[in-house]
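Trainee: Sending over my_file-v3.pdb (PDB, C-alpha atoms, pLDDT in the B column).
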```pdb
ATOM      1  CA  MET G   1     169.375 179.406  43.003  1.00 85.00           C
ATOM      2  CA  ASP G   2     168.155 181.198  46.096  1.00 89.00           C
ATOM      3  CA  SER G   3     169.388 178.868  48.834  1.00 91.00           C
ATOM      4  CA  ASN G   4     167.192 180.492  51.483  1.00 92.00           C
ATOM      5  CA  GLU G   5     163.984 180.119  49.533  1.00 93.00           C
ATOM      6  CA  PHE G   6     164.975 176.503  48.893  1.00 94.00           C
ATOM      7  CA  ASN G   7     165.686 175.742  52.564  1.00 93.00           C
ATOM      8  CA  ARG G   8     162.530 177.509  53.782  1.00 93.00           C
ATOM      9  CA  ASN G   9     160.395 175.463  51.408  1.00 95.00           C
ATOM     10  CA  LEU G  10     162.274 172.279  52.246  1.00 94.00           C
ATOM     11  CA  CYS G  11     161.242 172.672  55.888  1.00 93.00           C
ATOM     12  CA  THR G  12     157.551 172.939  54.984  1.00 95.00           C
ATOM     13  CA  HIS G  13     157.491 169.270  53.962  1.00 95.00           C
ATOM     14  CA  THR G  14     156.033 167.063  56.660  1.00 93.00           C
ATOM     15  CA  ALA G  15     157.701 163.869  57.881  1.00 92.00           C
ATOM     16  CA  GLU G  16     154.899 161.937  56.164  1.00 94.00           C
ATOM     17  CA  GLU G  17     155.586 163.646  52.841  1.00 95.00           C
ATOM     18  CA  LEU G  18     159.291 162.879  53.013  1.00 96.00           C
ATOM     19  CA  ALA G  19     158.887 159.334  54.356  1.00 95.00           C
ATOM     20  CA  PRO G  20     158.887 157.661  50.897  1.00 97.00           C
ATOM     21  CA  TYR G  21     162.162 159.418  50.063  1.00 97.00           C
ATOM     22  CA  GLU G  22     164.111 158.704  53.252  1.00 96.00           C
ATOM     23  CA  GLY G  23     167.616 157.489  52.526  1.00 95.00           C
ATOM     24  CA  ARG G  24     167.251 158.316  48.849  1.00 96.00           C
ATOM     25  CA  HIS G  25     169.012 160.671  46.495  1.00 95.00           C
ATOM     26  CA  VAL G  26     166.550 163.181  45.106  1.00 97.00           C
ATOM     27  CA  ALA G  27     166.199 165.915  42.531  1.00 97.00           C
ATOM     28  CA  TRP G  28     164.367 168.838  44.121  1.00 97.00           C
ATOM     29  CA  SER G  29     162.667 171.576  42.181  1.00 97.00           C
ATOM     30  CA  VAL G  30     164.824 174.702  42.307  1.00 97.00           C
ATOM     31  CA  ASP G  31     162.489 176.314  44.855  1.00 96.00           C
ATOM     32  CA  GLY G  32     162.503 173.237  47.117  1.00 96.00           C
ATOM     33  CA  LYS G  33     158.740 172.785  46.885  1.00 97.00           C
ATOM     34  CA  GLN G  34     158.705 169.450  45.068  1.00 97.00           C
ATOM     35  CA  ILE G  35     160.739 166.312  44.607  1.00 98.00           C
ATOM     36  CA  LEU G  36     160.981 165.723  40.872  1.00 98.00           C
ATOM     37  CA  ALA G  37     162.881 162.425  40.906  1.00 98.00           C
ATOM     38  CA  ALA G  38     164.331 159.968  43.405  1.00 97.00           C
ATOM     39  CA  ALA G  39     166.708 157.013  43.278  1.00 96.00           C
ATOM     40  CA  ASP G  40     168.872 154.876  45.515  1.00 94.00           C
ATOM     41  CA  SER G  41     172.161 156.304  44.266  1.00 92.00           C
ATOM     42  CA  ASP G  42     173.533 159.444  42.653  1.00 90.00           C
ATOM     43  CA  GLU G  43     174.157 157.498  39.426  1.00 90.00           C
ATOM     44  CA  ALA G  44     170.613 156.139  39.304  1.00 94.00           C
ATOM     45  CA  LEU G  45     169.250 159.611  40.025  1.00 95.00           C
ATOM     46  CA  TYR G  46     171.049 160.995  36.986  1.00 95.00           C
ATOM     47  CA  GLU G  47     169.550 158.223  34.859  1.00 96.00           C
ATOM     48  CA  GLU G  48     166.117 159.138  36.160  1.00 97.00           C
ATOM     49  CA  VAL G  49     166.436 162.889  35.561  1.00 97.00           C
ATOM     50  CA  ASP G  50     167.673 162.159  32.053  1.00 97.00           C
ATOM     51  CA  ARG G  51     164.732 159.815  31.469  1.00 98.00           C
ATOM     52  CA  LEU G  52     162.391 162.575  32.626  1.00 98.00           C
ATOM     53  CA  GLY G  53     164.113 165.049  30.304  1.00 97.00           C
ATOM     54  CA  LEU G  54     165.018 167.475  33.084  1.00 97.00           C
ATOM     55  CA  LYS G  55     167.631 170.044  32.184  1.00 95.00           C
ATOM     56  CA  GLN G  56     170.629 170.334  34.476  1.00 92.00           C
ATOM     57  CA  MET G  57     169.771 173.742  36.015  1.00 94.00           C
ATOM     58  CA  GLU G  58     166.109 172.824  36.510  1.00 95.00           C
ATOM     59  CA  TYR G  59     166.696 170.698  39.615  1.00 97.00           C
ATOM     60  CA  VAL G  60     168.810 170.541  42.768  1.00 97.00           C
ATOM     61  CA  VAL G  61     170.588 167.294  43.528  1.00 97.00           C
ATOM     62  CA  GLY G  62     170.178 166.399  47.181  1.00 96.00           C
ATOM     63  CA  PHE G  63     169.461 163.711  49.696  1.00 95.00           C
ATOM     64  CA  VAL G  64     166.683 163.025  52.185  1.00 96.00           C
ATOM     65  CA  PRO G  65     168.249 161.613  55.372  1.00 94.00           C
ATOM     66  CA  ARG G  66     166.711 158.646  57.133  1.00 94.00           C
ATOM     67  CA  SER G  67     164.769 159.671  60.204  1.00 93.00           C
ATOM     68  CA  ASP G  68     165.969 156.706  62.288  1.00 92.00           C
ATOM     69  CA  VAL G  69     169.738 157.204  62.095  1.00 88.00           C
ATOM     70  CA  SER G  70     172.304 159.832  62.988  1.00 87.00           C
ATOM     71  CA  TYR G  71     174.842 160.894  60.385  1.00 85.00           C
ATOM     72  CA  TYR G  72     178.565 161.509  61.011  1.00 79.00           C
TER      73      TYR G  72
ATOM     74  CA  MET Q   1     175.394 185.973  53.197  1.00 97.00           C
ATOM     75  CA  LEU Q   2     172.902 184.677  55.720  1.00 97.00           C
ATOM     76  CA  PHE Q   3     171.463 181.217  55.141  1.00 96.00           C
ATOM     77  CA  THR Q   4     168.546 179.517  56.825  1.00 95.00           C
ATOM     78  CA  VAL Q   5     169.559 176.206  58.395  1.00 96.00           C
ATOM     79  CA  PRO Q   6     167.061 173.495  57.428  1.00 95.00           C
ATOM     80  CA  TRP Q   7     165.928 170.591  59.556  1.00 93.00           C
ATOM     81  CA  PHE Q   8     164.763 167.043  59.045  1.00 92.00           C
ATOM     82  CA  TYR Q   9     162.456 165.161  61.387  1.00 92.00           C
ATOM     83  CA  THR Q  10     163.621 162.192  63.460  1.00 92.00           C
ATOM     84  CA  LYS Q  11     161.453 159.102  63.774  1.00 91.00           C
ATOM     85  CA  ALA Q  12     161.795 159.012  67.543  1.00 91.00           C
ATOM     86  CA  PRO Q  13     162.844 161.591  70.150  1.00 93.00           C
ATOM     87  CA  ALA Q  14     166.621 161.988  69.947  1.00 91.00           C
ATOM     88  CA  PRO Q  15     168.345 161.577  73.343  1.00 92.00           C
ATOM     89  CA  ALA Q  16     171.102 164.041  72.490  1.00 91.00           C
ATOM     90  CA  LEU Q  17     168.491 166.628  71.547  1.00 90.00           C
ATOM     91  CA  GLY Q  18     166.759 166.332  74.900  1.00 92.00           C
ATOM     92  CA  GLY Q  19     163.944 164.457  73.240  1.00 93.00           C
ATOM     93  CA  GLY Q  20     163.703 166.871  70.306  1.00 92.00           C
ATOM     94  CA  MET Q  21     162.606 165.532  66.952  1.00 92.00           C
ATOM     95  CA  LYS Q  22     164.290 167.911  64.528  1.00 93.00           C
ATOM     96  CA  ARG Q  23     167.801 167.417  63.199  1.00 93.00           C
ATOM     97  CA  TYR Q  24     169.305 170.679  61.997  1.00 94.00           C
ATOM     98  CA  LYS Q  25     171.859 170.419  59.220  1.00 94.00           C
ATOM     99  CA  PRO Q  26     174.045 173.208  57.827  1.00 96.00           C
ATOM    100  CA  ILE Q  27     173.099 172.452  54.247  1.00 96.00           C
ATOM    101  CA  ILE Q  28     173.114 175.122  51.567  1.00 96.00           C
ATOM    102  CA  GLY Q  29     172.478 175.123  47.858  1.00 96.00           C
ATOM    103  CA  ILE Q  30     175.441 175.807  45.608  1.00 97.00           C
ATOM    104  CA  THR Q  31     175.985 176.017  41.878  1.00 97.00           C
ATOM    105  CA  ILE Q  32     179.048 174.231  40.548  1.00 98.00           C
ATOM    106  CA  ILE Q  33     180.036 175.399  37.082  1.00 98.00           C
ATOM    107  CA  GLY Q  34     182.291 173.432  34.762  1.00 97.00           C
ATOM    108  CA  PRO Q  35     183.499 173.936  31.194  1.00 97.00           C
ATOM    109  CA  ARG Q  36     180.248 172.669  29.657  1.00 96.00           C
ATOM    110  CA  ASP Q  37     177.442 173.103  32.149  1.00 96.00           C
ATOM    111  CA  GLY Q  38     176.452 173.916  35.710  1.00 97.00           C
ATOM    112  CA  GLN Q  39     174.696 171.917  38.365  1.00 97.00           C
ATOM    113  CA  LEU Q  40     172.714 172.827  41.470  1.00 97.00           C
ATOM    114  CA  ARG Q  41     173.498 170.723  44.511  1.00 96.00           C
ATOM    115  CA  GLN Q  42     172.956 170.642  48.234  1.00 96.00           C
ATOM    116  CA  VAL Q  43     176.254 170.712  50.118  1.00 97.00           C
ATOM    117  CA  LEU Q  44     176.976 170.151  53.780  1.00 96.00           C
ATOM    118  CA  VAL Q  45     179.018 172.979  55.285  1.00 97.00           C
ATOM    119  CA  ASP Q  46     181.714 170.976  57.037  1.00 95.00           C
ATOM    120  CA  THR Q  47     184.543 172.591  58.996  1.00 95.00           C
ATOM    121  CA  GLY Q  48     186.057 169.123  59.360  1.00 93.00           C
ATOM    122  CA  ALA Q  49     186.447 168.662  55.615  1.00 94.00           C
ATOM    123  CA  ASP Q  50     189.806 169.766  54.280  1.00 95.00           C
ATOM    124  CA  ASP Q  51     188.470 170.422  50.779  1.00 96.00           C
ATOM    125  CA  ILE Q  52     185.305 171.009  48.798  1.00 97.00           C
ATOM    126  CA  VAL Q  53     184.339 167.604  47.449  1.00 96.00           C
ATOM    127  CA  PHE Q  54     181.598 166.399  45.140  1.00 96.00           C
ATOM    128  CA  PRO Q  55     180.634 162.887  44.053  1.00 94.00           C
ATOM    129  CA  GLU Q  56     182.857 161.874  41.165  1.00 92.00           C
ATOM    130  CA  ASN Q  57     179.993 161.544  38.676  1.00 92.00           C
ATOM    131  CA  VAL Q  58     179.315 165.287  38.947  1.00 95.00           C
ATOM    132  CA  ALA Q  59     182.442 165.941  36.882  1.00 96.00           C
ATOM    133  CA  ALA Q  60     181.061 164.362  33.724  1.00 94.00           C
ATOM    134  CA  ARG Q  61     177.755 166.203  34.129  1.00 95.00           C
ATOM    135  CA  ILE Q  62     179.448 169.599  34.029  1.00 97.00           C
ATOM    136  CA  GLY Q  63     182.183 168.780  31.531  1.00 97.00           C
ATOM    137  CA  VAL Q  64     185.196 168.471  33.821  1.00 97.00           C
ATOM    138  CA  ASP Q  65     187.844 166.239  32.254  1.00 95.00           C
ATOM    139  CA  LEU Q  66     189.132 164.110  35.115  1.00 95.00           C
ATOM    140  CA  SER Q  67     191.884 162.606  32.953  1.00 94.00           C
ATOM    141  CA  ALA Q  68     193.670 165.935  33.379  1.00 90.00           C
ATOM    142  CA  ALA Q  69     192.849 166.240  37.096  1.00 94.00           C
ATOM    143  CA  LEU Q  70     195.360 166.239  39.923  1.00 95.00           C
ATOM    144  CA  PRO Q  71     195.179 163.030  41.985  1.00 93.00           C
ATOM    145  CA  GLY Q  72     194.974 162.975  45.748  1.00 91.00           C
ATOM    146  CA  SER Q  73     193.779 160.785  48.562  1.00 88.00           C
ATOM    147  CA  SER Q  74     190.960 161.307  51.051  1.00 83.00           C
ATOM    148  CA  HIS Q  75     189.808 159.706  54.271  1.00 81.00           C
ATOM    149  CA  GLY Q  76     186.164 160.052  55.277  1.00 75.00           C
ATOM    150  CA  VAL Q  77     184.653 159.447  58.708  1.00 68.00           C
ATOM    151  CA  GLY Q  78     184.251 155.713  59.285  1.00 69.00           C
ATOM    152  CA  ALA Q  79     186.258 154.711  56.235  1.00 71.00           C
ATOM    153  CA  SER Q  80     188.874 152.028  56.773  1.00 75.00           C
ATOM    154  CA  GLN Q  81     190.975 152.953  53.751  1.00 83.00           C
ATOM    155  CA  PRO Q  82     191.789 156.238  51.978  1.00 85.00           C
ATOM    156  CA  LEU Q  83     189.892 156.810  48.762  1.00 86.00           C
ATOM    157  CA  PRO Q  84     191.180 158.423  45.580  1.00 92.00           C
ATOM    158  CA  VAL Q  85     190.146 162.000  44.893  1.00 94.00           C
ATOM    159  CA  LEU Q  86     190.744 163.993  41.716  1.00 97.00           C
ATOM    160  CA  PHE Q  87     191.112 167.772  41.861  1.00 97.00           C
ATOM    161  CA  ALA Q  88     190.040 170.110  39.074  1.00 98.00           C
ATOM    162  CA  PRO Q  89     189.167 173.803  38.698  1.00 97.00           C
ATOM    163  CA  VAL Q  90     185.539 174.919  38.669  1.00 98.00           C
ATOM    164  CA  ILE Q  91     183.542 178.045  39.386  1.00 98.00           C
ATOM    165  CA  LEU Q  92     181.285 178.085  42.460  1.00 98.00           C
ATOM    166  CA  TYR Q  93     178.272 180.342  42.983  1.00 97.00           C
ATOM    167  CA  LEU Q  94     176.415 181.059  46.209  1.00 96.00           C
ATOM    168  CA  ASP Q  95     173.297 183.208  46.527  1.00 94.00           C
ATOM    169  CA  ASP Q  96     171.214 184.062  49.600  1.00 93.00           C
ATOM    170  CA  SER Q  97     168.832 186.294  47.567  1.00 91.00           C
ATOM    171  CA  LYS Q  98     170.385 189.490  48.934  1.00 93.00           C
ATOM    172  CA  GLU Q  99     174.000 188.873  48.042  1.00 95.00           C
ATOM    173  CA  SER Q 100     175.826 186.477  45.771  1.00 96.00           C
ATOM    174  CA  PHE Q 101     179.409 185.413  45.142  1.00 97.00           C
ATOM    175  CA  ARG Q 102     180.963 183.628  42.207  1.00 98.00           C
ATOM    176  CA  TRP Q 103     184.545 182.447  42.592  1.00 98.00           C
ATOM    177  CA  ARG Q 104     187.179 180.114  41.261  1.00 98.00           C
ATOM    178  CA  ALA Q 105     188.047 177.005  43.250  1.00 98.00           C
ATOM    179  CA  VAL Q 106     189.885 173.751  42.827  1.00 98.00           C
ATOM    180  CA  VAL Q 107     187.547 171.056  44.124  1.00 97.00           C
ATOM    181  CA  GLY Q 108     187.767 167.318  44.599  1.00 96.00           C
ATOM    182  CA  PHE Q 109     185.718 164.638  42.885  1.00 96.00           C
ATOM    183  CA  ALA Q 110     185.617 161.412  44.851  1.00 92.00           C
ATOM    184  CA  PRO Q 111     183.534 158.310  45.595  1.00 87.00           C
ATOM    185  CA  LEU Q 112     182.017 160.074  48.600  1.00 80.00           C
ATOM    186  CA  ARG Q 113     180.634 158.270  51.637  1.00 72.00           C
ATOM    187  CA  SER Q 114     178.771 161.452  52.527  1.00 73.00           C
ATOM    188  CA  LYS Q 115     175.357 161.725  50.900  1.00 84.00           C
ATOM    189  CA  TYR Q 116     175.951 165.421  50.258  1.00 90.00           C
ATOM    190  CA  GLY Q 117     178.792 167.254  48.621  1.00 93.00           C
ATOM    191  CA  LEU Q 118     181.067 168.748  51.267  1.00 95.00           C
ATOM    192  CA  PHE Q 119     181.712 172.476  51.489  1.00 97.00           C
ATOM    193  CA  GLY Q 120     185.025 172.288  53.313  1.00 97.00           C
ATOM    194  CA  ILE Q 121     187.952 174.574  53.940  1.00 97.00           C
ATOM    195  CA  ALA Q 122     190.260 174.741  50.884  1.00 97.00           C
ATOM    196  CA  GLY Q 123     188.583 176.735  48.130  1.00 97.00           C
ATOM    197  CA  GLY Q 124     185.537 177.437  50.291  1.00 98.00           C
ATOM    198  CA  LEU Q 125     185.449 178.205  54.008  1.00 98.00           C
ATOM    199  CA  GLN Q 126     188.989 179.588  53.868  1.00 98.00           C
ATOM    200  CA  TYR Q 127     187.500 182.645  52.162  1.00 98.00           C
ATOM    201  CA  PHE Q 128     184.676 183.302  54.619  1.00 98.00           C
ATOM    202  CA  ARG Q 129     184.183 184.227  58.252  1.00 98.00           C
ATOM    203  CA  MET Q 130     181.582 181.702  59.361  1.00 97.00           C
ATOM    204  CA  THR Q 131     179.083 181.705  62.215  1.00 98.00           C
ATOM    205  CA  LEU Q 132     176.704 178.808  62.729  1.00 97.00           C
ATOM    206  CA  ASP Q 133     173.800 179.451  65.103  1.00 97.00           C
ATOM    207  CA  VAL Q 134     171.728 176.284  65.157  1.00 94.00           C
ATOM    208  CA  ASP Q 135     169.303 177.624  67.767  1.00 92.00           C
ATOM    209  CA  ASP Q 136     168.413 180.588  65.555  1.00 95.00           C
ATOM    210  CA  ARG Q 137     168.731 178.465  62.386  1.00 95.00           C
ATOM    211  CA  GLU Q 138     171.307 180.828  60.874  1.00 97.00           C
ATOM    212  CA  LEU Q 139     174.517 180.227  58.975  1.00 97.00           C
ATOM    213  CA  LEU Q 140     176.431 183.424  58.338  1.00 98.00           C
ATOM    214  CA  LEU Q 141     179.156 183.479  55.708  1.00 98.00           C
ATOM    215  CA  VAL Q 142     180.999 186.793  55.391  1.00 98.00           C
ATOM    216  CA  ALA Q 143     183.240 186.893  52.354  1.00 98.00           C
ATOM    217  CA  LYS Q 144     186.833 187.958  52.918  1.00 98.00           C
ATOM    218  CA  PRO Q 145     188.783 190.123  50.459  1.00 98.00           C
ATOM    219  CA  SER Q 146     190.828 187.061  49.551  1.00 98.00           C
ATOM    220  CA  LEU Q 147     187.820 185.402  47.824  1.00 98.00           C
ATOM    221  CA  PRO Q 148     188.962 184.890  44.195  1.00 98.00           C
ATOM    222  CA  VAL Q 149     185.791 186.275  42.610  1.00 97.00           C
ATOM    223  CA  THR Q 150     185.262 185.978  38.877  1.00 97.00           C
ATOM    224  CA  GLN Q 151     182.626 186.818  36.312  1.00 95.00           C
ATOM    225  CA  ASP Q 152     184.060 184.359  33.791  1.00 94.00           C
ATOM    226  CA  ALA Q 153     181.507 181.984  32.290  1.00 91.00           C
ATOM    227  CA  VAL Q 154     183.681 178.896  32.569  1.00 92.00           C
ATOM    228  CA  PRO Q 155     186.666 177.872  34.726  1.00 94.00           C
TER     229      PRO Q 155
END
```
Mind turning this structure into structure tokens?

Mentor:
Amino acid sequence: MDSNEFNRNLCTHTAEELAPYEGRHVAWSVDGKQILAAADSDEALYEEVDRLGLKQMEYVVGFVPRSDVSYY
Amino acid sequence: MLFTVPWFYTKAPAPALGGGMKRYKPIIGITIIGPRDGQLRQVLVDTGADDIVFPENVAARIGVDLSAALPGSSHGVGASQPLPVLFAPVILYLDDSKESFRWRAVVGFAPLRSKYGLFGIAGGLQYFRMTLDVDDRELLLVAKPSLPVTQDAVP
């Protein structure tokens, strides 16, 4: 995966677009343009990507941080 | 390798950012390759992390047998008790579109408190000269000759 293309595209998403995914584990498309699946835990995310029939190298496992907390 | 540092918006102006509303995070995409499969994941580049660590369920997804892994113990920020961590060999792959590196590493699998995998020192940052420039949104990783590169398909 091209990490720079991914990060550039990730930053094009508005706060409104990401709001439904805040605090959730997500499967991004490899280019970072879309969220393909979301769940409240890593385990549940894997169940969801399997249900959707996504192949392992077709998505990037990540997380959308909440906008109202700081992370340490 | 030069990576763009992404940001996430804050709901309200952040006092420590002088009222700014963008949180910059040194997150990069990495490929972790096991005996059976690979997986793409976001990892947080963390100079405070002793090791490279992924959530424990990643191991099964890429075919790492944790019954043969080396046990250890880890202590995350805010945790009251150490947590078990299991170490196993994998191959890691980083690509910034102009340059790429594929190397062998022994990484930990643990019940992480962090929401991201951690790209820490042992097996990772120890092999790179790193510069983080948040203002210019750049993370520079310059590979050192000690990086144990490989072209093997599996660890």

Trainee: Tell me which residues the PyMOL selection byres ((chain Q and resi 126-142) around 6) grabs here, as a PyMOL selection string.

Mentor: chain Q and resi 1-5+121-122+124-125+143-144+147

Trainee: What residues in chain Q lie within 6 Å of chain G, counting all atoms listed in the file, written as JSON, numbers by chain?

Mentor: {"Q": [3, 4, 6, 10, 11, 28, 29, 39, 40, 41, 42, 95, 96, 97]}

Trainee: Excluding Asp65 (chain Q) and any residue of its chain fewer than 6 positions from it, enumerate the residues within 9 Å of it, using only C-alpha atoms, and give them as a list in words.

Mentor: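 The contact residues come out as Pro35, Ala59 and Ala88 of chain Q.
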
Trainee: Could you please determine the separation between CA of Leu86 (chain Q) and CA of Val45 (chain Q) in Å, to one decimal place?

Mentor: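 Computing the Euclidean distance for CA of Leu86 (chain Q) and CA of Val45 (chain Q) yields 20.1 Å.
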
Trainee: Residue by residue, what does the PyMOL selection byres ((chain Q and resi 75) around 10) grab here? Present the result as JSON, numbers by chain.

Mentor: {"Q": [49, 73, 74, 76, 77, 78, 79, 80, 81, 82, 83, 84, 85, 112, 113]}

Trainee: Quick one: which residues end up in the PyMOL selection byres ((chain Q and resi 62-64) around 9) for this structure, as a list in words?

Mentor: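 That expression, the PyMOL selection byres ((chain Q and resi 62-64) around 9), corresponds here to Gln56 of chain G; Ile32, Ile33, Gly34, Pro35, Arg36, Asp37, Gly38, Gln39, Val58, Ala59, Ala60, Arg61, Asp65, Leu66, Ser67, Ala68, Ala69, Ala88, Pro89 and Val90 of chain Q.
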
Trainee: Edge lengths and centre in Å to one decimal, as AutoDock Vina command-line options, of the axis-aligned box that encloses all listed atoms of region 46-57 of chain Q with 6 Å added on every side?

Mentor:
```
--center_x 184.9 --center_y 167.1 --center_z 49.0 --size_x 21.8 --size_y 23.0 --size_z 32.7
```

Trainee: So how many Å separate CA of Arg23 (chain Q) and CA of Leu44 (chain Q), to one decimal?

Mentor: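 These atoms are spaced 13.4 Å apart.
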
Trainee: Please compute the CA of Gly53 (chain G)-CA of Gln34 (chain G) distance, one decimal, in Å.

Mentor: 16.3 Å

Trainee: Would you be able to write out as an MDAnalysis selection string which residues have an atom within 8 Å of (184.4, 179.6, 39.2) in the file's coordinates, counting all atoms listed in the file?

Mentor: chainID Q and resid 32:34 89:93 102:105 149:155

Trainee: Using C-alpha atoms, give me chain G from the structure I just pasted, as a short mmCIF file (atom, residue, chain, number, x, y, z; two decimals), in the first residue's frame.

Mentor:
```
data_model
loop_
_atom_site.label_atom_id
_atom_site.label_comp_id
_atom_site.auth_asym_id
_atom_site.auth_seq_id
_atom_site.Cartn_x
_atom_site.Cartn_y
_atom_site.Cartn_z
CA MET G 1 0.00 0.00 0.00
CA ASP G 2 1.11 3.54 -0.69
CA SER G 3 0.92 5.07 2.79
CA ASN G 4 1.15 8.63 1.47
CA GLU G 5 -1.72 8.27 -0.96
CA PHE G 6 -3.72 6.71 1.88
CA ASN G 7 -2.96 9.53 4.35
CA ARG G 8 -3.60 12.27 1.77
CA ASN G 9 -7.01 10.81 0.97
CA LEU G 10 -7.77 10.23 4.64
CA CYS G 11 -7.40 13.97 5.26
CA THR G 12 -9.92 14.84 2.54
CA HIS G 13 -12.75 13.41 4.65
CA THR G 14 -14.69 16.11 6.45
CA ALA G 15 -15.53 15.96 10.16
CA GLU G 16 -19.16 15.39 9.16
CA GLU G 17 -18.23 12.41 7.00
CA LEU G 18 -16.21 10.81 9.77
CA ALA G 19 -18.67 11.64 12.56
CA PRO G 20 -20.60 8.33 12.30
CA TYR G 21 -17.33 6.40 12.65
CA GLU G 22 -15.80 8.25 15.60
CA GLY G 23 -14.43 5.87 18.20
CA ARG G 24 -14.91 2.91 15.89
CA HIS G 25 -12.59 0.41 14.31
CA VAL G 26 -12.81 0.65 10.54
CA ALA G 27 -11.70 -1.05 7.36
CA TRP G 28 -10.55 1.60 4.91
CA SER G 29 -10.22 1.06 1.20
CA VAL G 30 -6.54 0.69 0.33
CA ASP G 31 -6.43 4.22 -1.11
CA GLY G 32 -8.08 5.74 1.98
CA LYS G 33 -11.00 7.14 0.00
CA GLN G 34 -13.76 5.04 1.56
CA ILE G 35 -14.68 3.26 4.75
CA LEU G 36 -15.75 -0.24 3.76
CA ALA G 37 -16.76 -1.55 7.19
CA ALA G 38 -16.94 -0.36 10.78
CA ALA G 39 -17.42 -1.97 14.19
CA ASP G 40 -16.95 -1.27 17.87
CA SER G 41 -14.00 -3.62 18.28
CA ASP G 42 -11.22 -5.17 16.22
CA GLU G 43 -12.87 -8.60 16.61
CA ALA G 44 -16.26 -7.34 15.44
CA LEU G 45 -14.59 -5.57 12.52
CA TYR G 46 -13.07 -8.85 11.35
CA GLU G 47 -16.50 -10.48 11.53
CA GLU G 48 -17.91 -7.68 9.42
CA VAL G 49 -15.20 -7.78 6.74
CA ASP G 50 -15.64 -11.54 6.52
CA ARG G 51 -19.41 -11.10 6.20
CA LEU G 52 -18.81 -8.63 3.38
CA GLY G 53 -16.42 -11.07 1.70
CA LEU G 54 -13.50 -8.64 1.69
CA LYS G 55 -10.12 -10.21 1.05
CA GLN G 56 -7.38 -9.47 3.55
CA MET G 57 -5.24 -7.21 1.30
CA GLU G 58 -8.26 -5.29 0.00
CA TYR G 59 -8.66 -3.13 3.11
CA VAL G 60 -6.64 -1.30 5.76
CA VAL G 61 -7.54 -1.91 9.38
CA GLY G 62 -7.64 1.37 11.27
CA PHE G 63 -9.45 3.50 13.77
CA VAL G 64 -11.27 6.83 13.65
CA PRO G 65 -10.49 8.73 16.87
CA ARG G 66 -13.22 10.52 18.77
CA SER G 67 -13.15 14.25 18.18
CA ASP G 68 -13.95 15.11 21.81
CA VAL G 69 -11.08 13.35 23.59
CA SER G 70 -7.30 13.40 23.63
CA TYR G 71 -5.41 10.14 23.30
CA TYR G 72 -2.31 9.13 25.30
#
```
